[in-house]
Amino acid sequence: MTEVPGLFPPHRRGTAPRSARSRAPRRLAGAAAGVVLASTLAACGGGESGGPPTLTWYTNPDSGGQAEIASRCTDAAEGRYRISTAVLPRDASGQREQLVRRLAASDASIDIMSLDPPFIPEFAAAGFLADVPDDVEERVTEGVVQGAIEGATWDDELVAVPFWANTQVLWYRKSVAEAAGLDMDEPVTWEQIVTAAEDQGKLVGAQGARAESLTVWLNALIESAGGSIIEENAEDPADIELGLTTDAAQRAAEVMNLVASSDAASPAFSTENEDASATGFEGERGGFQVNYPFVYARALGAVEAGSLEASVPEDYGAAVYPRVNPDEPAAPPLGGISLGISAFSPDVDLAMEAAECITTAENQAFYFVNDGNPSSKAEVFDDPEVLESFPQAPVIRESLELAKPRPQTPYYSEVSGGLQREFHPPSSVGENTGEAAAELIGAVLRGDQLL
Amino acid sequence: MTQTTLPPVEKTQPVSAPHGKISDRSKSERKLGWLLAGPAFLVMLGVTAYPILQATYESLFAYRLTDPANREFVGLSNYLVILSDQLWWTALGVTLLITVITVAVELVLGFALALVMAKALKSIRPVVRAAILIPYAVITVVSAFAWQFAFDINTGFVNSWFAWIPGVSADTDWFGDTGTSLLVICLAEIWKTTPFISLLLLAGLAQVPEVLQEAAKVDGATWWQRMVKVTLPNMKAAIMVALLFRTLDAFRVFDSIFVMTGGANNTESVSFLAYRQTISRLEIGLGSAVSVLLFLSVVLIAALFIKGFKVDLASARGEG
């Protein structure tokens, strides 16, 4: 008696907005219809009436890849569940705000959510995420790069399913690097690219705007120098130990200031975000930039739209993130999306199953090619289709192996907000900035100061 | 100083009206009054008083939305934290600066526009009014984006159009420091809300009795004398109400700052501070305390206007 054909066609069921409230009457209606049918047909197997449950997946905006994967997994589920998607705000903090507000009110309409790694500890500590069972954990972490697993882990437990992993690489104009005599096959340092760009009158793009991207940059610099923003985590926010006054943090501040106050920084460096870096890199003064892989797809898109010469993306080269110290490997930023399963979902088991389906290597390869978002599974980078669309795939993979996540703490927005306040504008960063930031974040976490 | 206004009208009371006692008729009128206003009053209680009381209650707790288990009563310590923090005073200063600048400029501009609307030829008057009102009909976030794109170093036209002004060049980053950011924020606010103030002033202009103007003309008063001695004194109530409404509105500035700078470079207003504590940091207690302080500031401004400048809200509606 699961299906009542004709009365509730599946496509109508799928498009109806789903919530805990709307589900109950539908079930009732289904049950009522079932009773009528049962009395006429007088024979039917048991089972839950009302059709398969619809799982709602809250996605971050993309080029439609997640919606396509949702429909592929709906087909693969063969009627056990359907996945519908709901789109979250554009920026990561807006996504967090909306999800937190809903989850704090135990909203049962969220089943699966696309989460930015820095917010995972906060969600997990608040009890918003359902536990990932051991057998599922084993399957979804197989062949996944270490950084992505770390990003989805809190308190030594996997609390989310790694989906795709992002990282920044050093983009360079081949012509500029050649003219400056830089060998891009060898690792380069920040000093080297700044000097090269200054000599050639070109730009070095990085994200100096007072936003999350500034924390991303600072964290990469500190990790590259061998330090960490959070040295020692703690339950009590007042006991969190920060590593902002270490030698590594001082060195990171030096590099940040060097880049921001050089002639290679754009005049709008203090408001430069990822898009502005990409625009500068596409322009006449484009030389170097640290940025996510999307910039290549963006340039190709601009060529197709006729606003950019085809020779520009042909001049694009990608290398591993610049080093802070010549003899220490760089630690590129780690981003991406993991799938959290809501603890308030009425169908946690099915949602886990759906998350497994979404993150298969096949779907990740599709997502990589379609949306330009790199996979968290190493094997996907050997996919011929991926290699064809993304000539930089090997660099991205190497970069993902080196990448380090941002500080993991339930108080991430305080830590990141405090850093953004003190380290902005980047051209004013000096040897006292780290100490000031540590003091500010400490006072904010103790509740002695506003942020 | 000689000003010409109509003599105040004495409210006449029937001679036979008994003093002190309420007649049956006024009793039933009072009852009808409550019946008519009651539902609206209840709705106001529900949508205004309840949230204000709840915010006041929450502001006495250390309460993080993601950590409800550790909710703790802390008395007034949230207020102490806020009032002893430089950030609050900076935000208050920025808010006051934006309020004073925008309201002052809008008053002058709005008055000029009201005169244009009042004096425009009958045939084009509707067109003029519609044209002046359009900015007010634009959603604030949309207007903020439009101004941001205009001044943006990459997408904007301002840098190339106004390069002849000293200090403006292709490399001017308007959102790169406090002064220039606030300038653009104020410009956007002024463009957007001047129509509101001019509309209120237009209503005031219409109330100036034509007889007084004519009498002044007969006495040989110049345009300027009539403006200063007749028009403005008769419009005082309308001007004060327009000022009051706009000041209260300007004090809560949020959208333009949110869109244009995100609060960077010390451009944060008080309401933005409240937003960040409550929505971004999820510190409901601290955020509620900021909101309560913002509310108290608004109440203080309203009280100053009404008591200090003796604004009679009723007289602006022609009930005096």
# chains A, B, ... in the order shown; residues from 1 in each chain; ligands from 1
$ select_by_dssp --residues "region 49-171 of chain B" --states "strand (DSSP E)" --output "PyMOL selection string"
chain B and resi 61-62+72-73
$ write_last_selection --atoms "N, CA and C atoms" --output "compact mmCIF listing (two decimals), in the first residue's frame"
# COMPACT_ATOMS: atom_id res chain seq x y z
N PHE B 61 21.05 37.89 30.76
CA PHE B 61 21.65 36.56 30.80
C PHE B 61 22.90 36.49 29.93
N ALA B 62 23.83 35.62 30.31
CA ALA B 62 24.90 35.22 29.40
C ALA B 62 24.33 34.02 28.67
N GLU B 72 23.06 31.61 31.81
CA GLU B 72 23.34 31.99 33.20
C GLU B 72 22.90 33.42 33.43
N PHE B 73 22.26 33.67 34.59
CA PHE B 73 21.83 35.02 34.92
C PHE B 73 23.04 35.85 35.32
$ interface_residues --of "chain A" --to "chain B" --cutoff "6 Å" --atoms "only C-alpha atoms" --output "number ranges by chain"
A: 126, 267-268, 448-449
$ residues_around --residues "region 366-377 of chain A" --least-positions-apart "3" --cutoff "6 Å" --atoms "only C-alpha atoms" --output "ChimeraX atom specification"
/A:63,65,143-145,164-166,294,363,380,386
$ select_by_dssp --residues "region 101-208 of chain A" --states "helix (DSSP H, G or I)" --output "count of residues only"
44
$ closest_residue --among "A:Ser71, A:Gln408, A:Ile358, A:Ile240" --to "Ala443 (chain A)" --atoms "only C-alpha atoms"
A:Ile240
$ closest_residue --among "A:Ala67, A:Leu218, A:Leu419, A:Cys73" --to "Ala351 (chain A)" --atoms "only C-alpha atoms"
A:Cys73
$ atom_distance --atom1 "CA of Glu210 (chain B)" --atom2 "CA of Pro233 (chain B)"
13.8 Å
$ residues_around --residues "Phe258 (chain B)" --least-positions-apart "6" --cutoff "9 Å" --atoms "only C-alpha atoms" --output "PyMOL selection string"
chain B and resi 141+144+268+272
$ atom_distance --atom1 "CA of Thr409 (chain A)" --atom2 "CA of Gly285 (chain B)"
20.9 Å
$ residues_around --residues "Val429 (chain A)" --least-positions-apart "2" --cutoff "12 Å" --atoms "only C-alpha atoms" --output "JSON, numbers by chain"
{"A": [208, 218, 249, 250, 251, 252, 253, 254, 255, 256, 257, 258, 259, 260, 261, 270, 419, 420, 421, 422, 423, 424, 425, 426, 427, 431, 432, 433, 434, 435, 436, 437]}
$ write_last_selection --atoms "C-alpha atoms" --output "mmCIF file, in the first residue's frame"
data_model
loop_
_atom_site.group_PDB
_atom_site.id
_atom_site.type_symbol
_atom_site.label_atom_id
_atom_site.label_comp_id
_atom_site.auth_asym_id
_atom_site.auth_seq_id
_atom_site.Cartn_x
_atom_site.Cartn_y
_atom_site.Cartn_z
ATOM 1 C CA GLY A 208 42.933 41.630 2.019
ATOM 2 C CA LEU A 218 46.416 34.475 7.647
ATOM 3 C CA ALA A 249 52.881 34.014 13.698
ATOM 4 C CA GLN A 250 55.367 36.905 13.678
ATOM 5 C CA ARG A 251 56.842 35.646 10.451
ATOM 6 C CA ALA A 252 53.336 35.340 8.961
ATOM 7 C CA ALA A 253 52.547 38.940 9.955
ATOM 8 C CA GLU A 254 55.780 40.067 8.289
ATOM 9 C CA VAL A 255 54.824 38.370 5.019
ATOM 10 C CA MET A 256 51.294 39.747 5.136
ATOM 11 C CA ASN A 257 52.607 43.264 5.578
ATOM 12 C CA LEU A 258 55.224 42.740 2.857
ATOM 13 C CA VAL A 259 52.561 41.775 0.306
ATOM 14 C CA ALA A 260 50.014 44.419 1.319
ATOM 15 C CA SER A 261 52.406 47.357 1.382
ATOM 16 C CA SER A 270 42.121 46.388 1.777
ATOM 17 C CA LEU A 419 41.574 38.172 13.725
ATOM 18 C CA GLN A 420 39.783 40.137 11.030
ATOM 19 C CA ARG A 421 39.479 43.145 13.299
ATOM 20 C CA GLU A 422 43.159 43.274 14.238
ATOM 21 C CA PHE A 423 44.764 42.091 11.009
ATOM 22 C CA HIS A 424 42.824 44.537 8.851
ATOM 23 C CA PRO A 425 44.010 46.501 6.935
ATOM 24 C CA PRO A 426 46.830 44.074 6.134
ATOM 25 C CA SER A 427 49.218 46.932 5.322
ATOM 26 C CA GLU A 431 54.940 42.873 15.199
ATOM 27 C CA ASN A 432 52.370 43.844 17.841
ATOM 28 C CA THR A 433 49.326 42.787 15.833
ATOM 29 C CA GLY A 434 49.441 39.158 16.960
ATOM 30 C CA GLU A 435 49.543 40.117 20.618
ATOM 31 C CA ALA A 436 46.699 42.607 20.211
ATOM 32 C CA ALA A 437 44.593 39.981 18.448
#
$ closest_residue --among "B:Val230, B:Leu248, B:Leu187, B:Ile306" --to "Leu212 (chain B)" --atoms "only C-alpha atoms"
B:Val230
$ atom_distance --atom1 "CA of Ala238 (chain B)" --atom2 "CA of Val218 (chain B)"
26.2 Å
